[in-house]
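*Asks:* File follows, entry04.pdb with PDB, C-alpha atoms:
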ATOM      1  CA  MET A   1       3.664  45.141  -1.944
ATOM      2  CA  ASN A   2       3.128  42.751   0.987
ATOM      3  CA  LEU A   3       2.903  39.233  -0.430
ATOM      4  CA  LYS A   4       1.514  37.418   2.624
ATOM      5  CA  PRO A   5      -2.032  38.889   2.664
ATOM      6  CA  THR A   6      -2.269  37.981  -1.022
ATOM      7  CA  LEU A   7      -1.323  34.369  -0.247
ATOM      8  CA  ILE A   8      -3.871  34.100   2.533
ATOM      9  CA  HIS A   9      -6.678  34.933   0.108
ATOM     10  CA  LEU A  10      -5.606  32.424  -2.531
ATOM     11  CA  THR A  11      -7.834  29.372  -2.858
ATOM     12  CA  ASP A  12      -6.175  26.058  -2.029
ATOM     13  CA  VAL A  13      -5.984  25.001  -5.665
ATOM     14  CA  ALA A  14      -4.673  28.408  -6.777
ATOM     15  CA  LEU A  15      -2.013  28.238  -4.065
ATOM     16  CA  LEU A  16      -0.937  24.786  -5.217
ATOM     17  CA  GLU A  17      -0.897  25.926  -8.850
ATOM     18  CA  GLN A  18       1.360  28.880  -8.035
ATOM     19  CA  LEU A  19       3.627  26.715  -5.880
ATOM     20  CA  CYS A  20       4.114  24.397  -8.851
ATOM     21  CA  SER A  21       4.640  27.157 -11.402
ATOM     22  CA  ILE A  22       7.439  29.312  -9.975
ATOM     23  CA  GLU A  23      10.918  28.651  -8.571
ATOM     24  CA  ASP A  24      11.007  31.453  -5.982
ATOM     25  CA  ASP A  25       8.434  29.703  -3.844
ATOM     26  CA  SER A  26       9.534  30.044  -0.209
ATOM     27  CA  GLU A  27       6.529  32.114   0.892
ATOM     28  CA  LEU A  28       4.127  29.982  -1.143
ATOM     29  CA  TYR A  29       5.552  26.785   0.324
ATOM     30  CA  LYS A  30       5.312  28.110   3.874
ATOM     31  CA  GLU A  31       1.641  28.993   3.359
ATOM     32  CA  PHE A  32       0.973  25.629   1.689
ATOM     33  CA  VAL A  33       2.506  23.682   4.578
ATOM     34  CA  ASN A  34       0.607  25.778   7.127
ATOM     35  CA  ARG A  35      -2.705  24.920   5.449
ATOM     36  CA  PHE A  36      -2.223  21.175   5.103
ATOM     37  CA  ILE A  37       0.453  19.791   7.413
ATOM     38  CA  THR A  38      -1.805  19.207  10.427
ATOM     39  CA  GLU A  39      -4.429  17.171   8.560
ATOM     40  CA  LEU A  40      -1.794  15.381   6.494
ATOM     41  CA  THR A  41       0.169  14.443   9.628
ATOM     42  CA  THR A  42      -2.995  13.091  11.246
ATOM     43  CA  HIS A  43      -3.661  10.971   8.156
ATOM     44  CA  CYS A  44      -0.097   9.642   8.057
ATOM     45  CA  THR A  45      -0.003   8.789  11.767
ATOM     46  CA  ASP A  46      -3.314   6.941  11.349
ATOM     47  CA  VAL A  47      -1.703   4.905   8.562
ATOM     48  CA  CYS A  48       1.180   4.158  10.938
ATOM     49  CA  LYS A  49      -1.258   2.772  13.520
ATOM     50  CA  LYS A  50      -2.767   0.442  10.924
ATOM     51  CA  ARG A  51       0.657  -0.710   9.758
ATOM     52  CA  ASN A  52       2.186  -0.946  13.242
ATOM     53  CA  LEU A  53       4.773   1.730  12.434
ATOM     54  CA  ASP A  54       6.231   4.333  14.789
ATOM     55  CA  PRO A  55       4.233   7.607  14.690
ATOM     56  CA  HIS A  56       7.388   9.589  13.891
ATOM     57  CA  ILE A  57       7.482   7.824  10.497
ATOM     58  CA  GLY A  58       4.062   9.301   9.730
ATOM     59  CA  LYS A  59       5.223  12.794  10.667
ATOM     60  CA  GLN A  60       8.299  12.347   8.506
ATOM     61  CA  ILE A  61       6.256  11.158   5.522
ATOM     62  CA  ALA A  62       3.797  14.049   5.918
ATOM     63  CA  HIS A  63       6.625  16.574   5.595
ATOM     64  CA  GLU A  64       8.255  14.555   2.818
ATOM     65  CA  THR A  65       4.954  14.612   0.929
ATOM     66  CA  CYS A  66       4.887  18.406   0.948
ATOM     67  CA  ALA A  67       8.532  18.478  -0.061
ATOM     68  CA  LYS A  68       7.822  16.185  -3.034
ATOM     69  CA  VAL A  69       5.099  18.536  -4.255
ATOM     70  CA  ARG A  70       7.558  21.420  -4.088
ATOM     71  CA  GLN A  71      10.389  19.447  -5.678
ATOM     72  CA  TYR A  72       8.596  17.999  -8.690
ATOM     73  CA  LYS A  73       6.016  20.757  -9.307
ATOM     74  CA  SER A  74       3.976  18.318 -11.381
ATOM     75  CA  PHE A  75       0.478  19.201 -10.168
ATOM     76  CA  LYS A  76      -2.145  19.711 -12.875
ATOM     77  CA  THR A  77      -5.520  21.314 -12.201
ATOM     78  CA  ASP A  78      -7.340  18.554 -14.081
ATOM     79  CA  GLU A  79      -6.184  16.131 -11.364
ATOM     80  CA  ILE A  80      -8.733  17.732  -9.046
ATOM     81  CA  LYS A  81     -12.024  15.828  -9.269
ATOM     82  CA  ILE A  82     -13.693  16.833  -5.983
ATOM     83  CA  PRO A  83     -15.769  20.064  -5.749
ATOM     84  CA  ASP A  84     -14.416  21.053  -2.327
ATOM     85  CA  GLN A  85     -10.935  22.422  -3.063
ATOM     86  CA  HIS A  86      -9.391  21.795   0.351
ATOM     87  CA  THR A  87     -10.570  18.183   0.415
ATOM     88  CA  ALA A  88      -9.451  17.706  -3.175
ATOM     89  CA  VAL A  89      -5.910  18.914  -2.500
ATOM     90  CA  LEU A  90      -5.755  16.810   0.652
ATOM     91  CA  VAL A  91      -6.729  13.713  -1.356
ATOM     92  CA  TYR A  92      -3.974  14.592  -3.838
ATOM     93  CA  LEU A  93      -1.463  14.775  -0.979
ATOM     94  CA  LYS A  94      -2.682  11.488   0.497
ATOM     95  CA  ARG A  95      -2.009   9.753  -2.824
ATOM     96  CA  ILE A  96       1.579  10.999  -2.720
ATOM     97  CA  SER A  97       1.947   9.905   0.907
ATOM     98  CA  PHE A  98       0.623   6.442   0.004
ATOM     99  CA  SER A  99       3.412   6.094  -2.546
ATOM    100  CA  LEU A 100       5.953   7.154   0.085
ATOM    101  CA  PHE A 101       4.585   4.602   2.554
ATOM    102  CA  ASN A 102       5.012   1.922  -0.119
ATOM    103  CA  ASN A 103       8.593   3.054  -0.676
ATOM    104  CA  HIS A 104       9.213   2.819   3.072
ATOM    105  CA  HIS A 105       7.722  -0.674   3.131
ATOM    106  CA  ASN A 106       9.807  -1.830   0.160
ATOM    107  CA  ASN A 107      13.007  -0.396   1.631
ATOM    108  CA  ASN A 108      12.336  -2.192   4.909
ATOM    109  CA  LYS A 109      11.705  -5.443   3.046
ATOM    110  CA  LYS A 110      15.207  -5.267   1.608
ATOM    111  CA  LYS A 111      16.622  -4.937   5.136
ATOM    112  CA  SER A 112      14.342  -7.546   6.715
ATOM    113  CA  VAL A 113      14.841 -11.235   7.118
ATOM    114  CA  ALA A 114      12.140 -13.053   5.196
ATOM    115  CA  HIS A 115       9.856 -15.252   7.277
ATOM    116  CA  LYS A 116       8.125 -18.376   6.096
ATOM    117  CA  THR A 117       4.443 -18.129   5.250
ATOM    118  CA  TYR A 118       2.023 -21.050   5.519
ATOM    119  CA  PHE A 119       2.305 -21.345   1.731
ATOM    120  CA  ASP A 120       6.087 -21.862   2.034
ATOM    121  CA  GLU A 121       5.569 -24.447   4.749
ATOM    122  CA  ILE A 122       3.085 -26.417   2.644
ATOM    123  CA  LEU A 123       5.469 -26.445  -0.310
ATOM    124  CA  GLU A 124       8.408 -27.482   1.870
ATOM    125  CA  SER A 125       6.378 -30.267   3.377
ATOM    126  CA  ALA A 126       5.396 -31.428  -0.073
ATOM    127  CA  GLY A 127       9.014 -31.369  -1.215
ATOM    128  CA  LYS A 128      10.197 -33.468   1.726
ATOM    129  CA  ASN A 129       7.460 -36.033   1.907
ATOM    130  CA  THR A 130       6.137 -36.474  -1.618
ATOM    131  CA  SER A 131       7.168 -37.010  -5.204
ATOM    132  CA  VAL A 132       6.805 -33.316  -6.076
ATOM    133  CA  ILE A 133      10.508 -33.333  -6.927
ATOM    134  CA  ASN A 134       9.539 -35.204 -10.092
ATOM    135  CA  LEU A 135       8.169 -31.957 -11.526
ATOM    136  CA  LYS A 136      10.709 -30.302 -13.785
ATOM    137  CA  ASP A 137      10.899 -27.328 -11.408
ATOM    138  CA  LYS A 138       9.102 -25.555  -8.574
ATOM    139  CA  LYS A 139       7.487 -23.124 -10.982
ATOM    140  CA  ASP A 140       5.510 -25.941 -12.584
ATOM    141  CA  PHE A 141       4.324 -27.083  -9.188
ATOM    142  CA  ALA A 142       3.296 -23.562  -8.155
ATOM    143  CA  ILE A 143       1.318 -23.139 -11.377
ATOM    144  CA  PHE A 144      -0.311 -26.532 -10.865
ATOM    145  CA  ILE A 145      -1.499 -25.464  -7.396
ATOM    146  CA  PHE A 146      -2.434 -21.928  -8.396
ATOM    147  CA  ASN A 147      -4.699 -23.168 -11.167
ATOM    148  CA  LYS A 148      -6.759 -25.022  -8.565
ATOM    149  CA  LEU A 149      -7.770 -21.731  -6.941
ATOM    150  CA  ASN A 150     -10.504 -19.371  -8.071
ATOM    151  CA  LYS A 151      -9.822 -15.672  -8.712
ATOM    152  CA  LYS A 152     -10.616 -14.529  -5.172
ATOM    153  CA  GLU A 153      -8.500 -17.263  -3.611
ATOM    154  CA  GLN A 154      -5.614 -16.387  -5.924
ATOM    155  CA  ALA A 155      -5.867 -12.708  -4.945
ATOM    156  CA  VAL A 156      -5.776 -13.526  -1.224
ATOM    157  CA  ILE A 157      -2.882 -15.979  -1.585
ATOM    158  CA  LEU A 158      -0.836 -13.498  -3.630
ATOM    159  CA  MET A 159      -1.444 -10.707  -1.113
ATOM    160  CA  ASP A 160      -0.449 -12.989   1.759
ATOM    161  CA  ILE A 161       2.752 -14.062   0.040
ATOM    162  CA  GLU A 162       3.628 -10.432  -0.702
ATOM    163  CA  HIS A 163       3.015  -9.039   2.791
ATOM    164  CA  LYS A 164       3.068 -11.844   5.341
ATOM    165  CA  ARG A 165       6.586 -12.842   4.410
ATOM    166  CA  PHE A 166       7.847  -9.709   6.146
ATOM    167  CA  GLN A 167       5.374  -9.319   9.006
ATOM    168  CA  LYS A 168       3.312 -11.641  11.135
ATOM    169  CA  TYR A 169      -0.100 -10.218  10.329
ATOM    170  CA  LEU A 170      -1.601  -8.728   7.200
ATOM    171  CA  PRO A 171      -1.897  -4.935   7.837
ATOM    172  CA  ASP A 172      -5.447  -3.628   8.246
ATOM    173  CA  ASP A 173      -5.147  -1.313   5.251
ATOM    174  CA  ILE A 174      -4.062  -4.241   3.052
ATOM    175  CA  THR A 175      -7.015  -6.296   4.272
ATOM    176  CA  GLU A 176      -9.310  -3.349   3.531
ATOM    177  CA  GLN A 177      -7.773  -3.101   0.073
ATOM    178  CA  LEU A 178      -8.548  -6.782  -0.494
ATOM    179  CA  CYS A 179     -12.113  -6.302   0.724
ATOM    180  CA  GLU A 180     -12.628  -3.441  -1.713
ATOM    181  CA  GLN A 181     -10.944  -5.315  -4.564
ATOM    182  CA  LEU A 182     -13.008  -8.470  -4.052
ATOM    183  CA  ASN A 183     -16.159  -6.697  -2.810
ATOM    184  CA  VAL A 184     -16.357  -8.822   0.345
ATOM    185  CA  LYS A 185     -16.273  -8.301   4.122
ATOM    186  CA  LYS A 186     -13.242  -8.928   6.376
ATOM    187  CA  ASP A 187     -14.671 -12.174   7.751
ATOM    188  CA  THR A 188     -15.095 -13.425   4.190
ATOM    189  CA  ILE A 189     -11.380 -12.820   3.519
ATOM    190  CA  ARG A 190     -10.568 -15.208   6.358
ATOM    191  CA  LYS A 191     -12.916 -17.849   4.922
ATOM    192  CA  ILE A 192     -11.444 -17.437   1.440
ATOM    193  CA  ARG A 193      -7.950 -17.870   2.910
ATOM    194  CA  GLU A 194      -8.945 -21.037   4.764
ATOM    195  CA  ARG A 195     -10.566 -22.440   1.637
ATOM    196  CA  ALA A 196      -7.498 -21.619  -0.445
ATOM    197  CA  ILE A 197      -5.174 -23.375   2.021
ATOM    198  CA  GLU A 198      -7.360 -26.460   1.933
ATOM    199  CA  LYS A 199      -7.329 -26.438  -1.867
ATOM    200  CA  VAL A 200      -3.535 -26.167  -1.860
ATOM    201  CA  LYS A 201      -3.289 -29.233   0.355
ATOM    202  CA  ASN A 202      -5.764 -31.134  -1.792
ATOM    203  CA  ALA A 203      -3.856 -30.183  -4.938
ATOM    204  CA  ILE A 204      -0.691 -31.685  -3.454
ATOM    205  CA  ASN A 205      -2.520 -34.896  -2.596
ATOM    206  CA  GLU A 206      -4.083 -34.983  -6.057
ATOM    207  CA  PHE A 207      -0.717 -34.621  -7.730
ATOM    208  CA  ASN A 208       0.855 -37.352  -5.621
ATOM    209  CA  ALA A 209      -2.041 -39.698  -6.327
ATOM    210  CA  ASN A 210      -1.286 -39.560 -10.070
TER
END
Show this structure as structure tokens.
*Replies:*
Amino acid sequence: MNLKPTLIHLTDVALLEQLCSIEDDSELYKEFVNRFITELTTHCTDVCKKRNLDPHIGKQIAHETCAKVRQYKSFKTDEIKIPDQHTAVLVYLKRISFSLFNNHHNNNKKKSVAHKTYFDEILESAGKNTSVINLKDKKDFAIFIFNKLNKKEQAVILMDIEHKRFQKYLPDDITEQLCEQLNVKKDTIRKIRERAIEKVKNAINEFNAN
């Protein structure tokens, strides 16, 4: 019996289910890659543009995503929430690729030299020119400042500290994530950041005035 025509007529979800249920999967995997690699590669290279990464990294992650599906065989049908099967499987693959992009970012952080953020510079300035040293440790001082910020300002500051330490600008996808998280527009993120910086400076002055 010729297996290939049978594979061609499988729905996308059925193909993924079979791929994740048997060990002798070479033909299934080939068909799976053929169906999704082009769109997945386009998605991953788009992510690379947003993160200022080389396009070849996106191509590599696209193929690694498919390989992870084959390796772990952990797909469950109840993970599909979208009526259109092809779109649903593609969303599933994008989630895996997002995790791989995060791994790539974290691995690069370990190799990178950390750069100072404006938050570091403010704290250093405070340590050199004020009586902040009288606090029992830097943690107390950080908490003192952090408590002066509202929830949105705290979210922006934390995201900046996490990402700007290893790159000059906050990646577009991270900014978009902040916008979605805080339910605000990109311009508002900038205003929140400016307001948070001003509050940090005022908190230092307030502490030194006591």
*Asks:* Would you work out the distance separating atom CA of A:Leu182 from atom CA of A:Met159, expressed in Å to one decimal?
*Replies:*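 Between atom CA of A:Leu182 and atom CA of A:Met159 the gap is 12.1 Å.
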*Asks:* For A:Thr38, list every protein, DNA or RNA residue within 12 Å, evaluated using all atoms listed in the file, and leave out those in the same chain fewer than 4 positions away; present the list as a PDB file with C-alpha atoms, in the frame of the given file.
*Replies:*
ATOM      1  CA  PHE A  32       0.973  25.629   1.689  1.00  0.00           C
ATOM      2  CA  VAL A  33       2.506  23.682   4.578  1.00  0.00           C
ATOM      3  CA  ASN A  34       0.607  25.778   7.127  1.00  0.00           C
ATOM      4  CA  THR A  42      -2.995  13.091  11.246  1.00  0.00           C
ATOM      5  CA  HIS A  43      -3.661  10.971   8.156  1.00  0.00           C
ATOM      6  CA  CYS A  44      -0.097   9.642   8.057  1.00  0.00           C
ATOM      7  CA  THR A  45      -0.003   8.789  11.767  1.00  0.00           C
ATOM      8  CA  GLY A  58       4.062   9.301   9.730  1.00  0.00           C
ATOM      9  CA  LYS A  59       5.223  12.794  10.667  1.00  0.00           C
ATOM     10  CA  ALA A  62       3.797  14.049   5.918  1.00  0.00           C
ATOM     11  CA  HIS A  63       6.625  16.574   5.595  1.00  0.00           C
ATOM     12  CA  CYS A  66       4.887  18.406   0.948  1.00  0.00           C
ATOM     13  CA  LEU A  90      -5.755  16.810   0.652  1.00  0.00           C
TER      14      LEU A  90
END
*Asks:* Please enumerate the residues selected by the PyMOL selection byres ((chain A and resi 152) around 10) when evaluated against the supplied file, formatted as a PyMOL selection string.
*Replies:* chain A and resi 149-151+153-158+178+181-184+189+192-193+196
*Asks:* Can you translate the PyMOL selection byres ((chain A and resi 13-20) around 12) into the concrete residues it hits in this file, as a VMD selection string?
*Replies:* chain A and resid 4 6 to 12 21 to 36 66 to 90 92 to 93
